[in-house]
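Colleague: Below is the file entry-v9.cif, with mmCIF, C-alpha atoms.
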data_data
#
loop_
_atom_site.label_atom_id
_atom_site.label_comp_id
_atom_site.auth_asym_id
_atom_site.auth_seq_id
_atom_site.Cartn_x
_atom_site.Cartn_y
_atom_site.Cartn_z
CA MET A 21 -12.48 17.77 -22.15
CA THR A 22 -9.09 16.65 -20.87
CA LYS A 23 -8.57 16.55 -17.12
CA ASP A 24 -5.26 17.35 -15.46
CA ILE A 25 -3.63 14.20 -14.12
CA PHE A 26 -2.79 15.85 -10.80
CA ALA A 27 -4.85 18.79 -9.63
CA PRO A 28 -5.97 20.78 -6.59
CA THR A 29 -9.17 19.60 -4.99
CA SER A 30 -11.53 20.11 -2.03
CA ILE A 31 -9.94 18.65 1.10
CA LEU A 32 -11.43 18.03 4.53
CA LEU A 33 -9.25 18.71 7.57
CA PRO A 34 -10.09 18.52 11.27
CA LYS A 35 -10.05 21.65 13.40
CA GLY A 36 -10.28 21.99 17.16
CA ILE A 37 -9.56 18.35 18.04
CA PRO A 38 -6.30 16.66 19.15
CA MET A 39 -4.45 16.04 15.89
CA GLU A 40 -2.08 13.58 17.61
CA GLN A 41 -5.09 11.31 18.15
CA TRP A 42 -6.70 11.99 14.79
CA ALA A 43 -3.81 10.77 12.60
CA VAL A 44 -2.88 7.06 12.63
CA ILE A 45 -0.50 5.08 10.47
CA ALA A 46 -1.47 3.15 7.33
CA CYS A 47 -3.62 0.07 7.99
CA ASP A 48 -1.15 -2.35 6.36
CA GLN A 49 1.66 -1.54 8.80
CA PHE A 50 2.58 -3.69 11.83
CA SER A 51 0.33 -6.45 10.47
CA SER A 52 1.87 -9.09 12.78
CA GLU A 53 2.22 -6.81 15.80
CA ARG A 54 -1.14 -6.32 17.43
CA ASP A 55 0.51 -4.69 20.42
CA TYR A 56 1.14 -1.67 18.20
CA TRP A 57 -2.53 -1.37 17.30
CA GLN A 58 -3.66 -1.96 20.88
CA ARG A 59 -1.52 1.02 21.89
CA VAL A 60 -3.10 3.06 19.08
CA LYS A 61 -6.55 2.26 20.42
CA GLN A 62 -5.51 3.29 23.92
CA LEU A 63 -3.94 6.52 22.70
CA VAL A 64 -7.02 7.42 20.65
CA GLY A 65 -9.52 6.79 23.42
CA ASP A 66 -12.81 8.55 22.73
CA SER A 67 -11.31 11.28 20.56
CA PRO A 68 -12.31 11.55 16.88
CA SER A 69 -9.72 9.58 14.94
CA THR A 70 -8.97 8.02 11.59
CA TYR A 71 -8.47 4.82 13.58
CA ASN A 72 -12.26 4.56 13.56
CA LEU A 73 -12.32 4.80 9.75
CA ILE A 74 -9.97 1.90 8.87
CA ILE A 75 -9.55 -1.84 9.37
CA PRO A 76 -5.98 -2.61 10.53
CA GLU A 77 -4.75 -5.65 8.64
CA ALA A 78 -3.54 -7.12 11.93
CA TYR A 79 -7.21 -7.93 12.69
CA LEU A 80 -8.45 -9.11 9.30
CA ASP A 81 -8.59 -12.77 10.33
CA GLU A 82 -10.92 -12.19 13.29
CA ILE A 83 -13.42 -9.50 12.30
CA ASN A 84 -16.85 -9.60 10.73
CA GLU A 85 -16.04 -7.61 7.62
CA ASP A 86 -19.60 -6.50 6.80
CA GLU A 87 -20.14 -5.24 10.35
CA GLU A 88 -16.83 -3.38 10.35
CA ILE A 89 -17.59 -1.71 7.01
CA ASP A 90 -21.03 -0.64 8.27
CA ASN A 91 -19.43 0.76 11.44
CA ILE A 92 -16.82 2.66 9.42
CA THR A 93 -19.35 4.23 7.05
CA SER A 94 -21.57 5.20 9.98
CA VAL A 95 -18.68 6.94 11.75
CA MET A 96 -17.72 8.68 8.48
CA ASP A 97 -21.22 10.10 8.18
CA ASP A 98 -21.11 11.25 11.81
CA TYR A 99 -17.76 12.96 11.25
CA ILE A 100 -18.95 14.66 8.06
CA GLY A 101 -22.01 15.96 9.90
CA SER A 102 -19.89 17.30 12.73
CA GLU A 103 -18.37 20.74 13.04
CA PHE A 104 -14.75 19.65 13.38
CA LEU A 105 -14.21 18.65 9.74
CA GLN A 106 -13.72 21.77 7.63
CA GLU A 107 -13.30 21.96 3.87
CA ILE A 108 -10.65 23.86 1.95
CA ASN A 109 -11.54 24.27 -1.71
CA ASP A 110 -9.49 23.98 -4.89
CA SER A 111 -6.21 23.54 -3.04
CA PHE A 112 -3.13 21.43 -2.52
CA VAL A 113 -1.50 20.73 0.84
CA TYR A 114 2.29 21.12 0.90
CA VAL A 115 3.60 18.67 3.50
CA GLU A 116 6.84 18.61 5.44
CA ARG A 117 7.29 15.30 7.24
CA THR A 118 10.16 15.22 9.72
CA LEU A 119 11.27 11.60 9.99
CA SER A 120 12.63 9.84 13.06
CA ASP A 121 16.20 10.48 11.89
CA GLY A 122 15.59 14.22 11.47
CA ARG A 123 15.39 14.36 7.68
CA VAL A 124 12.44 16.21 6.14
CA ARG A 125 10.41 14.63 3.33
CA GLU A 126 8.43 16.98 1.09
CA GLY A 127 5.06 16.05 -0.31
CA LEU A 128 2.10 17.59 -2.06
CA VAL A 129 -1.43 16.32 -1.37
CA GLY A 130 -3.81 16.60 -4.32
CA ALA A 131 -6.12 14.56 -6.55
CA VAL A 132 -5.09 12.22 -9.36
CA ASP A 133 -7.38 11.45 -12.28
CA LEU A 134 -8.15 7.72 -12.22
CA GLU A 135 -8.68 7.81 -15.99
CA ALA A 136 -4.90 8.26 -16.26
CA TYR A 137 -4.15 5.25 -14.02
CA ASP A 138 -4.18 1.55 -14.82
CA PHE A 139 -2.55 -0.98 -12.50
CA SER A 140 -2.30 -3.56 -15.32
CA SER A 141 -0.91 -1.23 -18.00
CA ASP A 142 2.62 -0.49 -19.19
CA THR A 143 1.49 2.59 -21.12
CA ALA A 144 -0.66 4.53 -18.61
CA ALA A 145 0.51 7.92 -17.31
CA ILE A 146 0.17 6.60 -13.73
CA ARG A 147 1.44 3.06 -13.26
CA ALA A 148 1.62 0.51 -10.50
CA SER A 149 5.06 -0.29 -9.15
CA GLU A 150 4.20 -3.71 -7.76
CA GLY A 151 2.00 -6.59 -8.83
CA THR A 152 -1.59 -6.09 -7.70
CA VAL A 153 -2.98 -8.97 -5.63
CA LEU A 154 -6.57 -9.09 -6.84
CA ASP A 155 -7.74 -11.00 -3.76
CA ARG A 156 -6.85 -7.96 -1.64
CA LEU A 157 -9.12 -5.60 -3.55
CA PRO A 158 -12.70 -6.70 -2.63
CA PRO A 159 -12.70 -5.42 1.00
CA ARG A 160 -11.27 -2.08 -0.12
CA ILE A 161 -13.80 -1.85 -2.96
CA ARG A 162 -16.70 -2.64 -0.63
CA ILE A 163 -15.58 0.10 1.75
CA ARG A 164 -15.27 2.61 -1.09
CA CYS A 165 -18.68 1.69 -2.49
CA LYS A 166 -20.33 2.57 0.81
CA ALA A 167 -18.00 5.33 1.98
CA SER A 168 -18.93 8.98 1.71
CA MET A 169 -15.30 10.09 1.91
CA GLU A 170 -11.79 8.80 1.35
CA LEU A 171 -8.67 9.17 3.46
CA PRO A 172 -5.45 8.15 1.74
CA HIS A 173 -2.18 6.59 2.69
CA ILE A 174 -1.28 6.62 -1.01
CA ILE A 175 2.08 8.01 -2.15
CA THR A 176 2.91 8.50 -5.83
CA PHE A 177 6.35 9.36 -7.21
CA ILE A 178 7.45 11.66 -9.99
CA ASP A 179 10.83 11.33 -11.71
CA ASP A 180 11.95 14.94 -11.27
CA SER A 181 15.75 15.00 -11.15
CA GLU A 182 15.78 18.76 -11.76
CA ASP A 183 13.45 19.41 -8.79
CA PHE A 184 11.13 21.29 -11.11
CA VAL A 185 7.88 20.79 -9.16
CA MET A 186 8.84 21.04 -5.49
CA SER A 187 11.57 23.71 -5.49
CA PRO A 188 9.22 26.66 -6.16
CA LEU A 189 7.03 25.53 -3.25
CA ARG A 190 10.04 25.16 -0.98
CA ASN A 191 11.17 28.67 -1.85
CA LYS A 192 7.75 30.19 -1.12
CA LYS A 193 6.69 28.09 1.86
CA LYS A 194 7.05 30.97 4.34
CA THR A 195 4.17 32.69 2.56
CA PHE A 196 1.82 29.69 2.84
CA ALA A 197 -0.83 29.53 5.57
CA GLU A 198 -0.22 26.73 8.08
CA LEU A 199 -2.99 24.12 8.20
CA TYR A 200 -1.55 21.81 10.86
CA SER A 201 1.69 21.08 12.70
CA PHE A 202 2.04 18.32 15.29
CA THR A 203 3.92 15.24 16.44
CA LEU A 204 2.62 11.91 15.12
CA MET A 205 1.90 9.12 17.59
CA GLN A 206 4.20 6.17 18.30
CA GLY A 207 7.44 7.49 16.87
CA GLY A 208 6.04 8.77 13.58
CA GLY A 209 7.99 12.02 13.71
CA HIS A 210 6.53 15.46 13.03
CA ILE A 211 4.25 16.65 10.24
CA LYS A 212 3.38 20.12 9.01
CA GLY A 213 0.88 21.00 6.29
CA MET A 214 0.59 24.31 4.42
CA LEU A 215 -2.10 25.65 2.10
CA VAL A 216 -1.29 25.97 -1.61
CA ASN A 217 -4.04 27.60 -3.67
CA GLY A 218 -4.70 30.31 -6.22
CA GLU A 219 -1.80 31.20 -8.50
CA ASP A 220 0.58 28.92 -6.58
CA ALA A 221 -1.69 25.93 -7.26
CA ARG A 222 -1.95 26.86 -10.93
CA ASP A 223 1.85 26.98 -11.11
CA VAL A 224 2.02 23.44 -9.74
CA VAL A 225 -0.43 22.18 -12.36
CA GLU A 226 1.61 23.82 -15.12
CA ALA A 227 4.84 22.30 -13.75
CA ILE A 228 3.25 18.83 -13.75
CA ARG A 229 2.12 19.32 -17.35
CA THR A 230 5.66 20.30 -18.35
CA LEU A 231 7.11 17.27 -16.57
CA HIS A 232 4.64 14.98 -18.34
CA LYS A 233 5.83 16.22 -21.73
CA LYS A 234 9.22 14.64 -20.96
CA SER A 235 7.81 11.14 -20.45
CA ASP A 236 4.56 9.26 -21.04
CA MET A 237 5.04 7.71 -17.59
CA LEU A 238 4.39 10.66 -15.29
CA MET A 239 3.89 8.86 -11.97
CA VAL A 240 4.64 5.49 -10.41
CA MET A 241 3.02 4.25 -7.25
CA GLY A 242 5.11 4.38 -4.10
CA ASP A 243 2.69 3.25 -1.38
CA GLY A 244 -0.95 2.29 -1.37
CA ASN A 245 -0.99 0.29 -4.63
CA HIS A 246 -4.07 -1.67 -3.60
CA SER A 247 -5.98 1.32 -2.27
CA LEU A 248 -5.59 3.17 -5.57
CA ALA A 249 -6.41 -0.01 -7.49
CA ALA A 250 -9.64 -0.37 -5.49
CA ALA A 251 -10.53 3.25 -6.27
CA LYS A 252 -9.90 2.56 -9.97
CA VAL A 253 -12.09 -0.58 -10.04
CA TYR A 254 -14.87 1.25 -8.23
CA TRP A 255 -14.70 4.16 -10.66
CA ASP A 256 -14.68 1.92 -13.72
CA ASP A 257 -17.79 0.13 -12.41
CA LEU A 258 -19.55 3.38 -11.55
CA LYS A 259 -18.87 5.43 -14.66
CA GLY A 260 -20.91 3.13 -16.92
CA SER A 261 -24.06 4.37 -15.19
CA LEU A 262 -23.16 8.05 -15.58
CA SER A 263 -23.72 10.56 -18.36
CA GLU A 264 -20.72 12.08 -20.14
CA GLU A 265 -21.02 15.27 -18.09
CA GLN A 266 -21.31 13.31 -14.85
CA ARG A 267 -18.22 11.28 -15.74
CA LEU A 268 -16.24 14.50 -16.12
CA ASN A 269 -17.19 15.91 -12.74
CA HIS A 270 -18.02 13.02 -10.41
CA PRO A 271 -15.78 13.12 -7.31
CA ALA A 272 -15.14 9.35 -7.48
CA ARG A 273 -13.20 9.92 -10.72
CA HIS A 274 -10.34 11.23 -8.59
CA ALA A 275 -8.36 9.91 -5.65
CA LEU A 276 -6.48 11.85 -2.99
CA VAL A 277 -2.75 11.09 -2.89
CA GLU A 278 0.51 12.54 -1.67
CA LEU A 279 2.96 13.29 -4.48
CA ASN A 280 6.69 12.93 -3.77
CA ASN A 281 9.78 13.43 -5.91
CA VAL A 282 11.65 10.12 -6.00
CA TYR A 283 14.93 12.09 -5.75
CA ASP A 284 13.99 13.66 -2.42
CA ASP A 285 16.96 13.10 -0.09
CA ALA A 286 14.60 11.91 2.65
CA ILE A 287 13.12 9.12 0.54
CA ASP A 288 14.65 5.69 0.92
CA PHE A 289 13.54 2.42 -0.58
CA GLU A 290 13.48 -0.05 2.29
CA ALA A 291 13.18 -3.75 1.63
CA ILE A 292 10.02 -5.53 2.74
CA HIS A 293 11.27 -8.65 4.45
CA ARG A 294 9.58 -12.04 4.72
CA ILE A 295 8.65 -14.11 7.73
CA ILE A 296 7.62 -17.69 7.05
CA PHE A 297 5.59 -19.20 9.90
CA ASP A 298 5.02 -22.89 10.68
CA THR A 299 7.84 -24.25 8.53
CA ASN A 300 11.03 -26.27 8.72
CA PRO A 301 13.60 -23.50 8.18
CA GLN A 302 16.46 -25.70 7.00
CA LYS A 303 14.29 -27.58 4.50
CA LEU A 304 12.98 -24.30 3.14
CA ILE A 305 16.49 -22.85 2.77
CA SER A 306 17.68 -25.97 0.94
CA ALA A 307 14.69 -25.91 -1.40
CA PHE A 308 15.25 -22.22 -2.13
CA LYS A 309 18.90 -22.76 -2.99
CA GLU A 310 17.88 -25.41 -5.51
CA LYS A 311 15.47 -22.94 -7.13
CA ILE A 312 17.84 -20.00 -7.65
CA GLU A 313 20.91 -19.39 -9.76
CA PRO A 314 23.68 -18.84 -7.21
CA GLY A 315 25.76 -15.69 -7.54
CA THR A 316 26.82 -12.45 -5.91
CA ASP A 317 24.49 -9.89 -7.52
CA TYR A 318 22.12 -9.89 -4.55
CA VAL A 319 22.48 -11.34 -1.05
CA LEU A 320 19.60 -12.44 1.19
CA ARG A 321 20.10 -13.07 4.92
CA TRP A 322 18.13 -15.74 6.74
CA VAL A 323 17.52 -15.93 10.50
CA THR A 324 15.83 -18.50 12.69
CA ASN A 325 16.00 -19.45 16.36
CA GLY A 326 19.28 -17.62 16.98
CA LYS A 327 20.95 -18.87 13.79
CA SER A 328 21.65 -16.91 10.61
CA GLY A 329 23.31 -17.16 7.19
CA GLU A 330 23.40 -15.74 3.67
CA ILE A 331 22.16 -16.79 0.24
CA GLY A 332 23.73 -15.24 -2.86
CA VAL A 333 21.55 -14.88 -5.96
CA ALA A 334 22.50 -14.10 -9.57
CA ALA A 335 19.99 -11.78 -11.30
CA GLY A 336 19.99 -9.05 -13.91
CA CYS A 337 18.10 -6.60 -11.67
CA ILE A 338 16.55 -6.58 -8.25
CA GLY A 339 13.09 -7.08 -9.77
CA ASP A 340 14.19 -10.36 -11.33
CA MET A 341 15.64 -11.55 -8.02
CA LEU A 342 12.45 -10.68 -6.17
CA SER A 343 10.34 -12.47 -8.78
CA VAL A 344 12.30 -15.70 -8.38
CA MET A 345 12.08 -15.51 -4.60
CA GLN A 346 8.36 -14.70 -4.49
CA GLU A 347 7.43 -17.42 -6.98
CA PHE A 348 9.32 -19.93 -4.86
CA LEU A 349 7.70 -18.82 -1.59
CA ASP A 350 4.19 -18.85 -3.09
CA GLU A 351 4.66 -22.38 -4.44
CA TYR A 352 6.33 -23.62 -1.26
CA SER A 353 3.56 -22.26 0.95
CA LYS A 354 0.93 -24.04 -1.16
CA GLU A 355 2.85 -27.32 -0.97
CA THR A 356 3.67 -27.27 2.75
CA GLY A 357 0.95 -25.10 4.33
CA CYS A 358 3.36 -22.57 5.81
CA ARG A 359 2.26 -18.92 6.10
CA ILE A 360 4.11 -15.89 4.73
CA ASP A 361 3.96 -12.39 6.17
CA TYR A 362 5.58 -9.21 4.89
CA ILE A 363 7.53 -7.25 7.47
CA HIS A 364 8.89 -3.70 7.57
CA GLY A 365 12.06 -3.38 9.64
CA GLU A 366 14.85 -5.80 10.48
CA ASP A 367 14.17 -5.59 14.23
CA SER A 368 10.68 -6.99 13.72
CA VAL A 369 12.10 -9.82 11.60
CA MET A 370 14.63 -10.69 14.29
CA ASN A 371 11.94 -10.75 16.98
CA LEU A 372 9.50 -12.86 14.97
CA SER A 373 12.13 -15.37 13.81
CA GLN A 374 13.19 -16.54 17.28
CA CYS A 375 10.79 -19.48 17.15
CA GLU A 376 12.31 -22.68 15.74
CA THR A 377 9.43 -23.05 13.26
CA ASN A 378 9.73 -19.51 11.89
CA LEU A 379 12.19 -18.29 9.27
CA GLY A 380 13.03 -14.68 8.51
CA LEU A 381 14.39 -13.58 5.13
CA ILE A 382 16.08 -10.16 5.22
CA LEU A 383 16.17 -8.65 1.73
CA PRO A 384 18.54 -6.06 0.23
CA ALA A 385 17.21 -2.54 -0.35
CA MET A 386 16.68 -1.22 -3.86
CA GLU A 387 18.88 1.55 -5.19
CA LYS A 388 16.85 4.67 -5.97
CA SER A 389 18.16 4.79 -9.53
CA GLU A 390 16.58 1.37 -10.24
CA PHE A 391 13.00 2.44 -9.55
CA PHE A 392 11.61 4.26 -12.62
CA ALA A 393 14.04 2.47 -14.95
CA THR A 394 12.87 -0.94 -13.76
CA VAL A 395 9.17 -0.12 -14.14
CA ALA A 396 9.81 1.27 -17.62
CA SER A 397 11.85 -1.74 -18.77
CA ARG A 398 10.20 -4.77 -17.14
CA GLY A 399 6.90 -3.53 -15.75
CA VAL A 400 5.73 -3.98 -12.18
CA PHE A 401 7.78 -5.38 -9.35
CA PRO A 402 6.47 -8.50 -7.60
CA LYS A 403 4.11 -7.88 -4.70
CA LYS A 404 5.64 -6.41 -1.54
CA SER A 405 9.00 -5.66 -3.19
CA PHE A 406 9.87 -2.45 -1.36
CA SER A 407 8.69 0.09 1.14
CA VAL A 408 9.16 3.84 1.23
CA GLY A 409 11.24 4.23 4.36
CA HIS A 410 10.85 2.56 7.74
CA ALA A 411 7.47 1.46 9.07
CA ASN A 412 7.17 4.47 11.42
CA ASP A 413 7.88 6.81 8.49
CA LYS A 414 4.92 5.60 6.43
CA ARG A 415 2.07 7.95 5.62
CA TYR A 416 -0.47 8.58 8.36
CA TYR A 417 -4.14 9.09 7.56
CA LEU A 418 -4.85 12.78 7.91
CA GLU A 419 -6.54 14.62 4.99
CA CYS A 420 -9.95 13.46 3.71
CA ARG A 421 -12.08 14.12 0.62
CA LEU A 422 -15.74 13.58 -0.21
CA ILE A 423 -16.31 10.97 -2.93
CA LYS A 424 -20.13 10.98 -3.08
#
Go ahead and express the file in the form of structure tokens.
Modeller:
Amino acid sequence: MTKDIFAPTSILLPKGIPMEQWAVIACDQFSSERDYWQRVKQLVGDSPSTYNLIIPEAYLDEINEDEEIDNITSVMDDYIGSEFLQEINDSFVYVERTLSDGRVREGLVGAVDLEAYDFSSDTAAIRASEGTVLDRLPPRIRIRCKASMELPHIITFIDDSEDFVMSPLRNKKKTFAELYSFTLMQGGGHIKGMLVNGEDARDVVEAIRTLHKKSDMLMVMGDGNHSLAAAKVYWDDLKGSLSEEQRLNHPARHALVELNNVYDDAIDFEAIHRIIFDTNPQKLISAFKEKIEPGTDYVLRWVTNGKSGEIGVAAGCIGDMLSVMQEFLDEYSKETGCRIDYIHGEDSVMNLSQCETNLGLILPAMEKSEFFATVASRGVFPKKSFSVGHANDKRYYLECRLIK
């Protein structure tokens, strides 16, 4: 029996609690800015919150991982046993996310079939967009192994230039029941979710099938590469112990994601910049210039201690430029002991690069037209190549789904 690659599913949503405190931004954001996460903790207080179900990457170097995972799974079980999480069955959630600049990004929350996804494949229907860092998977896998539910910050893209999937939903949205509508904390904008079920959900499934007939590559990851990769590894390990019937219907076979059309006017590909800590900036810049082929195809800006400059790089596509840069930084960090962090937003780069031993590299943004074409022609981008919009516009944890 063939499963649909993207389908409606049973989704858990909170009712009767402060939604502004429930929803928090993806755990990999503001990884060098603990002040942000301290404010999140203060804003959440004692209210039920997805903050209690994640490990912000800003704290990974100081926590006891096993204890944190046990705490998370315990809170999950408490939340599932509570009355405030309610389940909607066999449904999608149509999302309107109003960004900080006023634009509205459309999304559709549903379940992808992990059998159609492979982060190391160039033939799978769902493909990774960036290189998967295997060392980042074990904590996520351990959480998923113990967790009774999932909550995604995953975004997948479809290449739908004719707006075939989203336009019917947009035209009918006034008929959809509202599930939530509120302002997200800390400048995240506004989010509204509407129920899509019944015939409307079946129409979505049929539209996705039609889109897939046009290309073997139906979806490419936008955000949450490593979270979906962890779900895939967990499923591949689990399914060997299941019967054929169990493999068809086990909830861990699927993962909850938000589907976006890459041509949505409110979707931008923002560069993920680099901060190099504990280095000699001028020596690093000189070494980098020796590594690259100079040119004008792509321009990187560097900043340190009030100084700045540009480095021009010749490359056939932005993926090639990013590969050369990342290979250099990885080798240089091993040789010198410097530390690299990946930063969303130029303001954060400017603030973190004021120290004389820190160097910021501000990268150019990718053109939208390069995205699917690059994945199809050369495979995945190097790790941390791009971000979908500004840090505050990233997906917040909100919907949940049982996986046990």
Colleague: Provide the CA of Ile292 in chain A to CA of Met237 in chain A distance in Å, to one decimal place.
Modeller: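 Interatomic distance, CA of Ile292 in chain A to CA of Met237 in chain A: 24.8 Å.
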Colleague: Compare A:Met186, A:Cys337, A:Val132, A:Ile295 by their minimum atom-to-atom distance to Thr394 in chain A, counting only C-alpha atoms, and give me the closest one.
Modeller: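 Checking each candidate against Thr394 in chain A, we get A:Cys337 as the closest.
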Colleague: Select, counting all atoms listed in the file, all protein, DNA and RNA residues no farther than 7 Å from (-1.4, 8.4, -19.9) in file coordinates, and express the selection as a list in words.
Modeller: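 Residues with an atom at most 7 Å from (-1.4, 8.4, -19.9): Ala136, Thr143, Ala144, Ala145, Ile146, Asp236 and Met237 of chain A.
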Colleague: List the residues matched by the PyMOL selection byres ((chain A and resi 24) around 8) in the displayed structure as JSON, numbers by chain, ordered by chain and then by residue number.
Modeller: {"A": [22, 23, 25, 26, 27, 132, 133, 225, 229]}
Colleague: So that I can see what lies close to Lys404 in chain A, please list as a list of chain:residue names the residues with an atom at most 8 Å from it, counting only C-alpha atoms and leaving out residues fewer than 3 positions away in the same chain.
Modeller: A:Glu150, A:Ile292, A:Tyr362, A:Ser407
Colleague: Write a file of the selected residues as a CSV table (one decimal), in the frame of the given file, keeping C-alpha atoms.
Modeller:
chain,number,residue,atom,x,y,z
A,150,GLU,CA,4.2,-3.7,-7.8
A,292,ILE,CA,10.0,-5.5,2.7
A,362,TYR,CA,5.6,-9.2,4.9
A,407,SER,CA,8.7,0.1,1.1
Colleague: So that I can check the surroundings of range 92-102 of chain A, please list as a PDB file with C-alpha atoms, in the frame of the given file every protein, DNA and RNA residue that reaches within 8 Å of it, counting all atoms listed in the file and ignoring chain neighbours fewer than 3 positions away.
Modeller:
ATOM      1  CA  PRO A  68     -12.310  11.550  16.880  1.00  0.00           C
ATOM      2  CA  ASN A  72     -12.260   4.560  13.560  1.00  0.00           C
ATOM      3  CA  LEU A  73     -12.320   4.800   9.750  1.00  0.00           C
ATOM      4  CA  ILE A  74      -9.970   1.900   8.870  1.00  0.00           C
ATOM      5  CA  GLU A  88     -16.830  -3.380  10.350  1.00  0.00           C
ATOM      6  CA  ILE A  89     -17.590  -1.710   7.010  1.00  0.00           C
ATOM      7  CA  LEU A 105     -14.210  18.650   9.740  1.00  0.00           C
ATOM      8  CA  ILE A 163     -15.580   0.100   1.750  1.00  0.00           C
ATOM      9  CA  LYS A 166     -20.330   2.570   0.810  1.00  0.00           C
ATOM     10  CA  ALA A 167     -18.000   5.330   1.980  1.00  0.00           C
ATOM     11  CA  SER A 168     -18.930   8.980   1.710  1.00  0.00           C
ATOM     12  CA  MET A 169     -15.300  10.090   1.910  1.00  0.00           C
TER      13      MET A 169
END
Colleague: Hey, what comes out of the PyMOL selection byres ((chain A and resi 400) around 10) on this file? Could you write it as a PyMOL selection string?
Modeller: chain A and resi 139-142+147-152+240-241+339+394-399+401-403+405
Colleague: Since I can't run it myself right now, could you work out what the PyMOL selection byres ((chain A and resi 322) around 12) selects here and report it as a PyMOL selection string?
Modeller: chain A and resi 293-296+301-302+304-306+308+319-321+323-332+366+369-370+373-374+378-384
Colleague: Taking into account all atoms listed in the file, which residue in the set A:Ala307, A:Ile175, A:Val185, A:Leu349 is nearest to Gly409 in chain A?
Modeller: A:Ile175
Colleague: Which value, in Å to one decimal, gives the distance between CA of Leu248 in chain A and CA of Asp55 in chain A?
Modeller: 27.8 Å
Colleague: Which neighbours of Gly315 in chain A fall inside 8 Å, counting all atoms listed in the file, when residues of the same chain fewer than 5 positions from it are skipped, and could you give them as a list in words?
Modeller: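 My reading of the contact set: Gly332, Val333, Ala334 and Ala335 of chain A.
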Colleague: Enter the distance from CA of Tyr416 in chain A to CA of Tyr71 in chain A, in Å, rounded to one decimal.
Modeller: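 About the pair CA of Tyr416 in chain A and CA of Tyr71 in chain A: they are 10.3 Å apart.
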Colleague: Which is closer to Lys61 in chain A than all the others in A:Gln41, A:Gln266, A:Ser247, A:Asn280, using all atoms listed in the file?
Modeller: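 Of the candidates, the smallest distance to Lys61 in chain A is held by A:Gln41.
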Colleague: A:Glu103, A:Glu82, A:Asp257, A:Asp243: which is nearest Lys414 in chain A, counting only C-alpha atoms?
Modeller: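 Checking each of A:Glu103, A:Glu82, A:Asp257, A:Asp243 against Lys414 in chain A, counting only C-alpha atoms, the winner is A:Asp243.
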Colleague: Find the residue from A:Pro28, A:Leu262, A:Arg156, A:Ile363 that sits nearest to Arg222 in chain A; use all atoms listed in the file when measuring.
Modeller: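 Smallest separation from Arg222 in chain A among the options: A:Pro28.
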Colleague: List the neighbours of Cys420 in chain A out to 10 Å using all atoms listed in the file; skip same-chain residues closer than 2 positions along the sequence, and give me the result as a PyMOL selection string.
Modeller: chain A and resi 30-34+70+105-107+169-172+276+417-418+422-423
Colleague: Looking at all atoms listed in the file, which of A:Glu116, A:Asp81, A:Asp223, A:Asp340 is the one that sits closest to Arg190 in chain A?
Modeller: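 Among the listed residues, the smallest separation from Arg190 in chain A belongs to A:Glu116.
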